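Student: Here you go, this is data_37.txt (compact mmCIF, C-alpha atoms).
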```
# COMPACT_ATOMS: atom_id res chain seq x y z
CA MET A 26 80.70 86.47 39.57
CA PHE A 27 81.82 84.11 42.35
CA LEU A 28 85.44 85.19 41.95
CA LYS A 29 84.57 88.90 41.98
CA ARG A 30 82.53 88.47 45.14
CA TRP A 31 85.30 86.47 46.77
CA ARG A 32 87.86 89.16 45.89
CA ARG A 33 85.62 91.89 47.30
CA LEU A 34 85.14 89.87 50.47
CA LEU A 35 88.84 89.10 50.77
CA SER A 36 89.77 92.77 50.28
CA PHE A 37 87.26 93.73 52.92
CA THR A 38 88.65 91.07 55.24
CA LEU A 39 92.19 92.43 54.85
CA ILE A 40 91.01 95.95 55.65
CA LEU A 41 89.03 94.64 58.59
CA SER A 42 92.04 92.71 59.83
CA LEU A 43 94.13 95.89 59.94
CA CYS A 44 91.44 97.65 61.93
CA MET A 45 91.06 94.72 64.28
CA THR A 46 94.81 94.63 64.86
CA SER A 47 94.86 98.26 65.91
CA MET A 48 91.91 97.73 68.24
CA ALA A 49 93.45 94.61 69.73
CA SER A 50 96.71 96.43 70.38
CA ALA A 51 94.82 98.97 72.43
CA ALA A 52 92.93 96.26 74.28
CA GLU A 53 95.83 94.03 75.30
CA THR A 54 99.55 94.28 75.81
CA SER A 55 102.06 92.09 74.07
CA GLN A 56 103.00 90.66 77.47
CA ASP A 57 99.48 89.25 77.89
CA LYS A 58 99.40 87.69 74.45
CA TYR A 59 102.84 86.17 74.87
CA ALA A 60 102.57 85.27 78.55
CA TRP A 61 103.98 81.82 77.72
CA ALA A 62 107.33 83.52 77.02
CA ASN A 63 107.46 85.63 80.21
CA GLY A 64 109.76 83.25 82.07
CA SER A 65 112.31 83.29 79.25
CA VAL A 66 112.01 87.05 78.74
CA ASP A 67 112.66 87.59 82.45
CA PHE A 68 115.60 85.19 82.32
CA LEU A 69 117.18 86.97 79.37
CA ARG A 70 116.54 90.34 80.98
CA SER A 71 118.30 89.18 84.16
CA HIS A 72 121.33 88.28 82.02
CA GLY A 73 121.50 91.70 80.40
CA VAL A 74 120.25 90.57 77.02
CA PHE A 75 117.66 93.36 76.84
CA GLU A 76 119.89 96.12 78.14
CA ASN A 77 118.96 99.31 76.27
CA MET A 78 116.43 97.18 74.35
CA GLU A 79 113.65 97.35 76.95
CA TYR A 80 111.10 98.66 74.46
CA ARG A 81 111.43 95.44 72.51
CA THR A 82 110.20 93.31 75.39
CA LYS A 83 106.97 95.32 75.18
CA THR A 84 106.49 94.22 71.59
CA LEU A 85 107.15 90.50 71.86
CA GLY A 86 105.27 89.80 68.66
CA ARG A 87 107.68 91.82 66.51
CA MET A 88 109.72 89.99 63.90
CA VAL A 89 113.40 89.31 64.56
CA THR A 90 116.24 90.24 62.20
CA LYS A 91 119.64 88.58 61.92
CA SER A 92 121.12 91.61 63.69
CA ASP A 93 118.62 91.24 66.57
CA LEU A 94 119.42 87.54 66.97
CA THR A 95 123.18 88.09 66.84
CA LEU A 96 123.02 90.78 69.52
CA MET A 97 120.90 88.55 71.80
CA VAL A 98 123.28 85.60 71.35
CA HIS A 99 126.29 87.88 71.93
CA ARG A 100 124.90 89.08 75.25
CA LEU A 101 123.66 85.72 76.54
CA PHE A 102 126.60 83.52 75.53
CA THR A 103 129.54 85.59 76.68
CA ASP A 104 132.08 82.89 75.76
CA LEU A 105 131.42 83.55 72.06
CA ARG A 106 134.29 85.99 71.64
CA VAL A 107 137.39 86.32 69.47
CA GLU A 108 140.57 88.26 70.10
CA SER A 109 140.18 91.97 69.43
CA ASP A 110 143.22 92.05 67.15
CA LYS A 111 142.04 89.10 65.06
CA ASN A 112 140.83 90.20 61.64
CA ILE A 113 137.83 88.20 60.42
CA LYS A 114 136.08 89.15 57.21
CA ILE A 115 132.29 89.01 57.49
CA PRO A 116 130.79 89.31 53.96
CA GLY A 117 127.87 91.74 54.13
CA VAL A 118 129.06 93.21 57.45
CA PRO A 119 132.36 94.96 56.74
CA ASN A 120 134.72 96.35 59.35
CA GLY A 121 133.23 99.70 60.31
CA HIS A 122 129.63 98.45 60.13
CA PRO A 123 127.78 99.17 63.41
CA SER A 124 127.20 95.42 63.91
CA TYR A 125 130.65 94.24 62.82
CA GLN A 126 132.04 93.54 66.29
CA ILE A 127 129.14 91.40 67.47
CA PHE A 128 129.02 89.51 64.16
CA LYS A 129 132.78 88.99 64.39
CA ASP A 130 132.56 87.70 67.98
CA VAL A 131 129.56 85.42 67.47
CA TYR A 132 130.24 83.90 64.06
CA GLY A 133 134.01 84.15 64.35
CA SER A 134 133.64 81.76 67.31
CA ILE A 135 132.51 78.95 65.03
CA PRO A 136 135.35 76.41 65.42
CA SER A 137 135.95 76.14 61.68
CA ALA A 138 135.97 79.93 61.10
CA PRO A 139 136.70 81.70 58.86
CA SER A 140 135.70 79.03 56.33
CA GLY A 141 132.94 77.82 58.66
CA LEU A 142 131.20 81.21 58.60
CA ILE A 143 129.30 80.03 55.55
CA ALA A 144 127.19 77.72 57.73
CA ALA A 145 125.56 80.70 59.51
CA ALA A 146 125.24 83.03 56.53
CA ASP A 147 122.00 84.37 55.05
CA LYS A 148 122.82 83.88 51.38
CA ILE A 149 124.85 80.79 50.46
CA ASN A 150 126.25 79.28 47.29
CA TYR A 151 128.15 76.11 48.13
CA HIS A 152 129.05 75.53 44.47
CA ASP A 153 131.50 78.46 44.47
CA GLU A 154 131.69 78.76 48.28
CA THR A 155 130.45 82.34 48.34
CA PHE A 156 128.16 83.67 51.05
CA LYS A 157 126.81 86.83 52.63
CA PHE A 158 125.37 87.94 55.96
CA ILE A 159 122.31 90.21 55.81
CA PRO A 160 121.84 92.02 59.17
CA GLU A 161 118.39 93.34 58.25
CA LYS A 162 117.03 89.97 57.09
CA VAL A 163 113.80 89.03 58.88
CA LEU A 164 114.22 85.46 60.09
CA THR A 165 111.96 82.46 59.65
CA ARG A 166 111.92 79.50 62.00
CA TRP A 167 114.14 77.63 59.53
CA ASP A 168 116.63 80.53 59.36
CA LEU A 169 116.77 80.56 63.15
CA LEU A 170 117.32 76.81 63.31
CA ILE A 171 120.15 76.78 60.75
CA THR A 172 121.95 79.77 62.32
CA LEU A 173 121.76 78.34 65.84
CA ASN A 174 122.81 74.91 64.63
CA ALA A 175 125.95 76.46 63.14
CA LEU A 176 126.75 77.97 66.55
CA PHE A 177 125.68 75.01 68.70
CA ASP A 178 126.03 72.03 66.37
CA ASP A 179 126.69 69.53 69.15
CA ILE A 180 122.96 69.68 69.92
CA GLY A 181 122.17 68.06 66.59
CA TYR A 182 125.14 65.78 66.49
CA SER A 183 124.39 64.42 69.95
CA LEU A 184 121.85 62.19 68.18
CA GLU A 185 122.89 58.75 67.04
CA LEU A 186 120.39 57.39 64.55
CA SER A 187 120.44 54.75 61.84
CA ASP A 188 119.43 55.74 58.29
CA SER A 189 116.02 54.14 58.77
CA GLU A 190 115.44 56.01 62.04
CA GLU A 191 116.45 59.31 60.43
CA ILE A 192 114.06 58.82 57.54
CA ALA A 193 111.22 57.70 59.82
CA ARG A 194 111.52 60.81 61.99
CA LEU A 195 111.78 63.11 58.99
CA ARG A 196 108.64 61.58 57.50
CA GLU A 197 106.74 62.47 60.66
CA ILE A 198 107.32 66.18 59.92
CA LYS A 199 104.44 66.94 57.61
CA ASP A 200 105.48 70.32 56.23
CA LEU A 201 109.09 69.43 55.42
CA PRO A 202 109.18 68.35 51.76
CA LYS A 203 111.29 65.27 50.99
CA ARG A 204 112.66 64.94 47.44
CA TYR A 205 113.75 61.52 46.18
CA PHE A 206 116.48 60.98 43.57
CA ASN A 207 117.72 57.87 41.77
CA SER A 208 121.18 59.26 40.97
CA TYR A 209 123.54 62.03 41.98
CA ASN A 210 123.18 63.50 38.51
CA GLN A 211 119.49 64.02 39.25
CA TYR A 212 120.30 65.46 42.66
CA GLU A 213 122.83 67.92 41.22
CA LYS A 214 120.12 69.37 38.97
CA TRP A 215 117.80 70.01 41.91
CA LYS A 216 117.52 73.72 42.68
CA TYR A 217 117.93 73.07 46.40
CA ALA A 218 120.90 70.72 46.17
CA TYR A 219 123.55 71.72 48.74
CA GLN A 220 121.32 74.53 50.02
CA PRO A 221 120.96 74.53 53.83
CA LEU A 222 118.67 77.57 53.82
CA ALA A 223 115.98 75.66 51.90
CA PRO A 224 113.59 73.76 54.23
CA GLU A 225 113.57 70.65 52.05
CA ILE A 226 115.48 67.37 52.37
CA GLY A 227 117.12 65.48 49.51
CA LEU A 228 117.02 61.67 49.71
CA MET A 229 118.81 59.14 47.54
CA GLN A 230 116.87 56.01 46.58
CA ASP A 231 118.59 52.63 46.66
CA LYS A 232 116.75 49.49 45.54
CA LYS A 233 118.56 47.32 48.06
CA TRP A 234 119.04 49.59 51.07
CA GLY A 235 116.17 52.03 50.70
CA PRO A 236 116.40 55.85 51.00
CA SER A 237 119.25 57.74 52.66
CA LEU A 238 120.19 61.39 53.01
CA ALA A 239 121.56 62.58 49.69
CA SER A 240 124.47 64.80 50.74
CA ASP A 241 126.46 66.10 53.70
CA LEU A 242 124.35 69.25 53.71
CA ASP A 243 121.15 67.22 53.84
CA TYR A 244 122.66 65.56 56.92
CA VAL A 245 123.29 69.02 58.38
CA LYS A 246 119.66 70.00 57.85
CA ALA A 247 118.27 66.71 59.11
CA TYR A 248 120.37 66.58 62.26
CA ALA A 249 119.74 70.24 63.04
CA LEU A 250 116.01 69.64 62.89
CA LEU A 251 115.97 66.27 64.65
CA GLY A 252 118.57 67.25 67.26
CA PHE A 253 116.90 70.50 68.28
CA ALA A 254 113.54 68.68 68.40
CA GLU A 255 114.96 65.87 70.55
CA ALA A 256 116.40 68.44 72.96
CA GLY A 257 113.02 70.25 73.17
CA ILE A 258 114.54 73.48 71.84
CA MET A 259 112.68 73.81 68.53
CA LYS A 260 110.28 71.11 67.50
CA PRO A 261 107.19 70.36 65.42
CA ASP A 262 103.82 70.78 67.06
CA ALA A 263 101.75 67.84 68.25
CA LYS A 264 100.43 67.24 64.73
CA GLY A 265 103.84 67.18 63.10
CA TYR A 266 104.05 70.71 61.65
CA PHE A 267 107.34 72.57 62.11
CA ARG A 268 106.23 75.75 60.24
CA PRO A 269 109.70 76.36 58.73
CA ASN A 270 108.64 79.45 56.74
CA GLN A 271 106.84 81.16 59.62
CA LYS A 272 108.48 84.42 60.70
CA VAL A 273 109.98 84.07 64.13
CA THR A 274 108.93 86.50 66.89
CA LEU A 275 110.95 88.06 69.67
CA ALA A 276 108.97 85.95 72.15
CA GLU A 277 109.83 82.66 70.43
CA THR A 278 113.48 83.68 70.03
CA ALA A 279 113.73 84.40 73.75
CA VAL A 280 112.30 80.97 74.58
CA VAL A 281 114.64 79.18 72.15
CA LEU A 282 117.76 80.91 73.47
CA HIS A 283 116.70 80.19 77.06
CA ARG A 284 116.34 76.51 76.22
CA ILE A 285 119.78 76.42 74.60
CA TYR A 286 121.27 78.05 77.68
CA ASP A 287 119.64 75.44 79.90
CA PHE A 288 120.76 72.64 77.57
CA TYR A 289 124.38 73.54 78.27
CA GLU A 290 124.04 74.62 81.88
CA ASP A 291 122.08 71.67 83.19
CA SER A 292 122.01 68.38 81.35
CA ASP A 293 119.27 67.17 83.72
CA TYR A 294 116.97 70.04 82.80
CA VAL A 295 113.49 68.91 81.73
CA ARG A 296 111.19 71.61 80.39
CA GLU A 297 107.56 71.42 81.37
CA PRO A 298 105.24 72.02 78.40
CA SER A 299 103.82 75.52 78.23
CA ALA A 300 100.19 76.31 77.46
CA ASP A 301 101.32 77.24 73.97
CA ASP A 302 102.94 73.83 73.47
CA LEU A 303 99.65 72.14 74.30
CA ILE A 304 97.80 73.76 71.41
CA PRO A 305 97.50 70.84 68.99
CA ASN A 306 97.79 72.72 65.70
CA GLY A 307 100.35 75.21 64.46
CA THR A 308 97.76 77.26 62.51
CA ARG A 309 96.37 79.77 64.97
CA ASN A 310 93.87 82.60 64.89
CA PHE A 311 93.01 84.78 67.86
CA ILE A 312 89.82 86.07 69.46
CA TYR A 313 90.09 89.16 71.67
CA ALA A 314 87.64 90.60 74.19
CA GLY A 315 85.44 93.30 72.68
CA THR A 316 86.97 92.86 69.23
CA PRO A 317 84.84 91.12 66.58
CA SER A 318 87.06 89.55 63.98
CA GLY A 319 87.27 87.05 61.15
CA HIS A 320 89.52 85.33 58.68
CA GLY A 321 89.34 83.57 55.33
CA GLU A 322 90.84 80.25 54.22
CA SER A 323 91.29 78.34 50.98
CA PRO A 324 91.74 75.43 51.02
CA VAL A 325 89.94 74.64 54.26
CA ALA A 326 91.90 72.91 57.02
CA ASP A 327 91.90 72.61 60.80
CA PHE A 328 93.16 75.40 63.08
CA ALA A 329 93.11 76.57 66.67
CA LEU A 330 91.16 79.63 67.81
CA VAL A 331 93.30 80.94 70.66
CA ASN A 332 91.72 82.73 73.62
CA PRO A 333 94.43 84.97 75.16
CA ASP A 334 91.88 87.18 76.97
CA SER A 335 90.17 84.20 78.61
CA VAL A 336 86.76 85.19 77.30
CA PRO A 337 84.07 82.78 78.59
CA GLU A 338 82.35 82.18 75.23
CA PHE A 339 82.27 83.18 71.59
CA TYR A 340 79.74 83.52 68.77
CA LEU A 341 80.49 81.98 65.40
CA ALA A 342 79.17 82.32 61.84
CA VAL A 343 80.55 80.65 58.70
CA LYS A 344 80.16 81.23 54.97
CA ALA A 345 81.68 78.71 52.53
CA SER A 346 81.66 77.94 48.81
CA GLU A 347 80.69 74.34 49.65
CA LYS A 348 78.91 72.92 52.68
CA ILE A 349 81.22 72.08 55.56
CA ASP A 350 80.27 70.92 59.03
CA LEU A 351 82.48 71.61 62.04
CA GLN A 352 83.80 69.54 64.89
CA ILE A 353 84.96 71.96 67.59
CA ASN A 354 86.98 70.55 70.47
CA VAL A 355 87.05 72.46 73.76
CA ASN A 356 89.08 70.97 76.62
CA GLY A 357 89.31 67.81 74.53
CA GLU A 358 85.53 67.46 74.33
CA PRO A 359 84.12 67.47 70.78
CA SER A 360 80.91 69.23 69.72
CA PHE A 361 79.42 69.05 66.24
CA TYR A 362 77.74 71.82 64.25
CA THR A 363 76.09 71.60 60.84
CA TYR A 364 76.62 74.13 58.10
CA GLU A 365 72.94 75.04 58.35
CA GLN A 366 73.45 76.02 62.01
CA LEU A 367 76.60 78.00 61.30
CA SER A 368 75.65 79.85 58.12
CA ASN A 369 73.02 82.24 59.52
CA PRO A 370 74.91 85.52 60.10
CA LYS A 371 72.01 87.03 62.05
CA GLN A 372 71.90 84.13 64.51
CA PRO A 373 75.53 83.07 65.14
CA VAL A 374 76.12 79.95 67.20
CA ARG A 375 77.14 80.43 70.83
CA ILE A 376 80.04 78.23 71.98
CA ALA A 377 81.41 78.14 75.54
CA PHE A 378 85.17 78.07 76.17
CA ASN A 379 84.65 76.58 79.65
CA GLY A 380 87.94 78.05 80.81
CA ALA A 381 89.92 76.70 77.82
CA SER A 382 92.79 78.68 76.29
CA TYR A 383 91.84 77.59 72.78
CA ALA A 384 89.23 75.75 70.71
CA GLU A 385 90.24 73.34 67.95
CA PHE A 386 88.32 73.65 64.67
CA ILE A 387 88.08 70.51 62.48
CA PRO A 388 86.11 71.10 59.24
CA ILE A 389 84.30 68.15 57.67
CA ILE A 390 83.56 68.20 53.93
CA ARG A 391 79.85 67.33 53.72
CA SER A 392 79.97 65.82 50.22
CA LYS A 393 82.90 63.54 51.07
CA GLY A 394 82.29 62.86 54.73
CA GLN A 395 86.00 63.54 55.23
CA LYS A 396 88.05 65.81 57.41
CA ALA A 397 89.26 68.76 55.31
CA THR A 398 93.01 69.04 54.77
CA ASP A 399 95.25 71.27 52.68
CA ASP A 400 95.41 68.51 50.07
CA ASN A 401 91.82 67.37 49.51
CA ASN A 402 89.78 70.50 48.76
CA ASN A 403 89.62 73.94 47.14
CA ILE A 404 86.81 75.22 49.33
CA LYS A 405 86.76 78.92 50.20
CA VAL A 406 85.45 79.81 53.65
CA MET A 407 85.02 82.83 55.89
CA TYR A 408 84.88 82.49 59.68
CA TYR A 409 83.42 85.31 61.79
CA TYR A 410 83.70 85.32 65.59
CA SER A 411 83.16 87.61 68.56
CA ASP A 412 82.96 87.26 72.33
CA THR A 413 79.56 89.00 72.30
CA PHE A 414 76.43 88.41 70.22
CA GLN A 415 76.66 90.14 66.83
CA ASP A 416 74.66 90.44 63.64
CA PHE A 417 77.57 89.77 61.32
CA THR A 418 75.65 91.01 58.25
CA GLN A 419 75.84 94.55 59.59
CA LEU A 420 79.14 94.45 61.45
CA LEU A 421 81.38 92.67 58.97
CA GLY A 422 79.69 93.15 55.62
CA TYR A 423 78.54 89.56 55.34
CA GLU A 424 77.36 88.82 51.79
CA ALA A 425 74.43 86.68 50.82
CA ASP A 426 76.61 84.73 48.37
CA LEU A 427 80.31 84.07 48.86
```
Reformat the file's structure so that it appears as structure tokens.

Tutor:
Amino acid sequence: MFLKRWRRLLSFTLILSLCMTSMASAAETSQDKYAWANGSVDFLRSHGVFENMEYRTKTLGRMVTKSDLTLMVHRLFTDLRVESDKNIKIPGVPNGHPSYQIFKDVYGSIPSAPSGLIAAADKINYHDETFKFIPEKVLTRWDLLITLNALFDDIGYSLELSDSEEIARLREIKDLPKRYFNSYNQYEKWKYAYQPLAPEIGLMQDKKWGPSLASDLDYVKAYALLGFAEAGIMKPDAKGYFRPNQKVTLAETAVVLHRIYDFYEDSDYVREPSADDLIPNGTRNFIYAGTPSGHGESPVADFALVNPDSVPEFYLAVKASEKIDLQINVNGEPSFYTYEQLSNPKQPVRIAFNGASYAEFIPIIRSKGQKATDDNNNIKVMYYYSDTFQDFTQLLGYEADL
């Protein structure tokens, strides 16, 4: 019975989410939502990157394909060119393909090309050294990192770290799995051995010297991640989450390319943190003016409720399979709410933003007295929120039992 109810509620939530998205699109422009990227978008526009692509800057939340990225790099970094009469084979993008010339210029400029093209490809098998580019592939943050590292690898290799420093920094990245092996025979059997497109790191254990990176390709991945983070180009959030599997948006791509440009143009460049950088958790949900919304989670963990419309306050109701209390931080100031306060859908709790761009939600498991994380619970929860008072039983189909 519980499972059926949860499925009905989840299905309803998905339908509601689609409706809310349409309403939100009418209520706000992509420029408002991604205002933190405006400086970079304007910079790229001034350099001709968005020539004949102007409609895309109006949809900064759209996903980016390998073809999109390659075109943007081609236009911004005009030194990435090869001779017109030089024949370079691009697996997956044959001569005659509409994108062949830009792929040839960009990836043919890798110093070790043509053999080095494999480092920027979208499907790689290092065992037989075969690879393929996929122009229509929608990129994740990890895909973006690995491609850009192949083109600008001196960013990563500018770091000089000991083995212990490398491992220490990698351990700080919470959502990057580290796999330990006692022998190279074990490592060879790992499905992600020699696979740069997998956001996992292989480490070799040594009783005397401790762990070290297991292969040259694990070094490539580690130094790409650590080097780009050190340069402030792509980095984990304040809590140590890099979100490697998150699809990258046009807004984020514009910011990353702008930072790379500045890295090479001005070694003294220091980027001031944006409002987006200051949000302490990579998991984000949004509240929009005049648009009641909600989302479900299982397991329960902390997240940020982002306030792009600068609404002054919001109303909150919660329904969970087990009692959770909430610590909600606004402008760094914590407030505490019990499950009994939050679980009445007819009387949602009013919470002031006080000018803040986000509120941080920290769930506390009542039975354990512990902060909820992805690893210590299987609790199912629904959050409902609106910038105006609502009876969530009528508006969102709130059920008496989850």

Student: Kindly indicate which residue among A:Leu186, A:Val98, A:Leu275, A:Ala218 lies nearest to Thr84 in chain A, using all atoms listed in the file for the distances.

Tutor: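 Ranking A:Leu186, A:Val98, A:Leu275, A:Ala218 by distance to Thr84 in chain A, first place goes to A:Leu275.
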
Student: What separation in Å, quoted to one decimal, exists between CA of Glu197 in chain A and CA of Phe267 in chain A?

Tutor: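 CA of Phe267 in chain A lies 10.2 Å from CA of Glu197 in chain A.
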
Student: What is the CA of Trp167 in chain A to CA of Lys148 in chain A distance in Å?

Tutor: 13.4 Å

Student: Considering all atoms listed in the file, return as a PyMOL selection string whatever protein or nucleic-acid residues lie within 7 Å of Tyr182 in chain A, sequence-local ones (same chain, fewer than 3 positions apart) excluded.

Tutor: chain A and resi 178-179+248+252

Student: If you count all atoms listed in the file, which residues fall within 10 Å of Thr103 in chain A, apart from same-chain ones fewer than 4 positions away, as a ChimeraX atom specification?

Tutor: /A:98-99,130-131

Student: Name all residues at most 9 Å from Arg309 in chain A (count only C-alpha atoms; drop same-chain ones fewer than 4 positions away) and give them as a list in words.

Tutor: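 Skipping anything fewer than 4 positions along the chain leaves Ile304, Phe328, Ala329, Leu330 and Val331 of chain A.
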
Student: Please report the interatomic distance between CA of Phe378 in chain A and CA of Asn354 in chain A in Å with one decimal.

Tutor: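 Computing the Euclidean distance for CA of Phe378 in chain A and CA of Asn354 in chain A yields 9.6 Å.
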
Student: For each of A:Pro139, A:Ala223, A:Gly265, A:Glu322, take the minimum atom-to-atom distance to Arg194 in chain A, counting all atoms listed in the file, then give the residue where this is smallest.

Tutor: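 Among A:Pro139, A:Ala223, A:Gly265, A:Glu322, it is A:Gly265 that comes nearest to Arg194 in chain A.
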
Student: As a PyMOL selection string, please: the residues near Tyr340 in chain A (cut-off 7 Å, all atoms listed in the file, same-chain neighbours under 6 positions excluded).

Tutor: chain A and resi 373-376+410-414

Student: Set the distance at 12 Å and use all atoms listed in the file: which residues neighbour Leu341 in chain A once local chain neighbours fewer than 2 positions away are removed? I'd like the list as an NGL selection string.

Tutor: :A and (312 or 317-320 or 330 or 338-339 or 343-344 or 351 or 353 or 362 or 364 or 366-377 or 384 or 386 or 407-417)

Student: Compare A:Tyr313, A:Tyr209, A:Phe288, A:Tyr219 by their minimum atom-to-atom distance to Glu154 in chain A, counting only C-alpha atoms, and give me the closest one.

Tutor: A:Tyr219

Student: Return the single residue from A:Asp153, A:Glu358, A:Glu365, A:Asp327 that is closest to Ala345 in chain A, with distances computed using only C-alpha atoms.

Tutor: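 Among the listed residues, the smallest separation from Ala345 in chain A belongs to A:Glu365.
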
Student: Of the residues A:Glu191, A:Asp334, A:Asp93, A:Asp262, which is the one nearest to Thr278 in chain A, using all atoms listed in the file?

Tutor: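 Going through A:Glu191, A:Asp334, A:Asp93, A:Asp262 one by one, the smallest distance to Thr278 in chain A is for A:Asp93.
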
Student: Find, counting all atoms listed in the file, the residue in A:Ala247, A:Ile285, A:Ile143, A:Val66 that gets nearest to Lys83 in chain A.

Tutor: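 Nearest candidate to Lys83 in chain A out of A:Ala247, A:Ile285, A:Ile143, A:Val66: A:Val66.
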
Student: Could you give me, as a PDB file with C-alpha atoms, keeping the file's coordinate frame, the residues that have an atom at most 12 Å away from the point (119.0, 60.6, 59.1) in the coordinates of the file, using all atoms listed in the file?

Tutor:
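So selection.pdb came out as:
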```pdb
ATOM      1  CA  GLY A 181     122.170  68.060  66.590  1.00  0.00           C
ATOM      2  CA  TYR A 182     125.140  65.780  66.490  1.00  0.00           C
ATOM      3  CA  LEU A 184     121.850  62.190  68.180  1.00  0.00           C
ATOM      4  CA  GLU A 185     122.890  58.750  67.040  1.00  0.00           C
ATOM      5  CA  LEU A 186     120.390  57.390  64.550  1.00  0.00           C
ATOM      6  CA  SER A 187     120.440  54.750  61.840  1.00  0.00           C
ATOM      7  CA  ASP A 188     119.430  55.740  58.290  1.00  0.00           C
ATOM      8  CA  SER A 189     116.020  54.140  58.770  1.00  0.00           C
ATOM      9  CA  GLU A 190     115.440  56.010  62.040  1.00  0.00           C
ATOM     10  CA  GLU A 191     116.450  59.310  60.430  1.00  0.00           C
ATOM     11  CA  ILE A 192     114.060  58.820  57.540  1.00  0.00           C
ATOM     12  CA  ALA A 193     111.220  57.700  59.820  1.00  0.00           C
ATOM     13  CA  ARG A 194     111.520  60.810  61.990  1.00  0.00           C
ATOM     14  CA  LEU A 195     111.780  63.110  58.990  1.00  0.00           C
ATOM     15  CA  ARG A 196     108.640  61.580  57.500  1.00  0.00           C
ATOM     16  CA  ILE A 226     115.480  67.370  52.370  1.00  0.00           C
ATOM     17  CA  GLY A 227     117.120  65.480  49.510  1.00  0.00           C
ATOM     18  CA  LEU A 228     117.020  61.670  49.710  1.00  0.00           C
ATOM     19  CA  MET A 229     118.810  59.140  47.540  1.00  0.00           C
ATOM     20  CA  PRO A 236     116.400  55.850  51.000  1.00  0.00           C
ATOM     21  CA  SER A 237     119.250  57.740  52.660  1.00  0.00           C
ATOM     22  CA  LEU A 238     120.190  61.390  53.010  1.00  0.00           C
ATOM     23  CA  ALA A 239     121.560  62.580  49.690  1.00  0.00           C
ATOM     24  CA  SER A 240     124.470  64.800  50.740  1.00  0.00           C
ATOM     25  CA  ASP A 241     126.460  66.100  53.700  1.00  0.00           C
ATOM     26  CA  LEU A 242     124.350  69.250  53.710  1.00  0.00           C
ATOM     27  CA  ASP A 243     121.150  67.220  53.840  1.00  0.00           C
ATOM     28  CA  TYR A 244     122.660  65.560  56.920  1.00  0.00           C
ATOM     29  CA  VAL A 245     123.290  69.020  58.380  1.00  0.00           C
ATOM     30  CA  LYS A 246     119.660  70.000  57.850  1.00  0.00           C
ATOM     31  CA  ALA A 247     118.270  66.710  59.110  1.00  0.00           C
ATOM     32  CA  TYR A 248     120.370  66.580  62.260  1.00  0.00           C
ATOM     33  CA  ALA A 249     119.740  70.240  63.040  1.00  0.00           C
ATOM     34  CA  LEU A 250     116.010  69.640  62.890  1.00  0.00           C
ATOM     35  CA  LEU A 251     115.970  66.270  64.650  1.00  0.00           C
ATOM     36  CA  GLY A 252     118.570  67.250  67.260  1.00  0.00           C
TER      37      GLY A 252
END
```
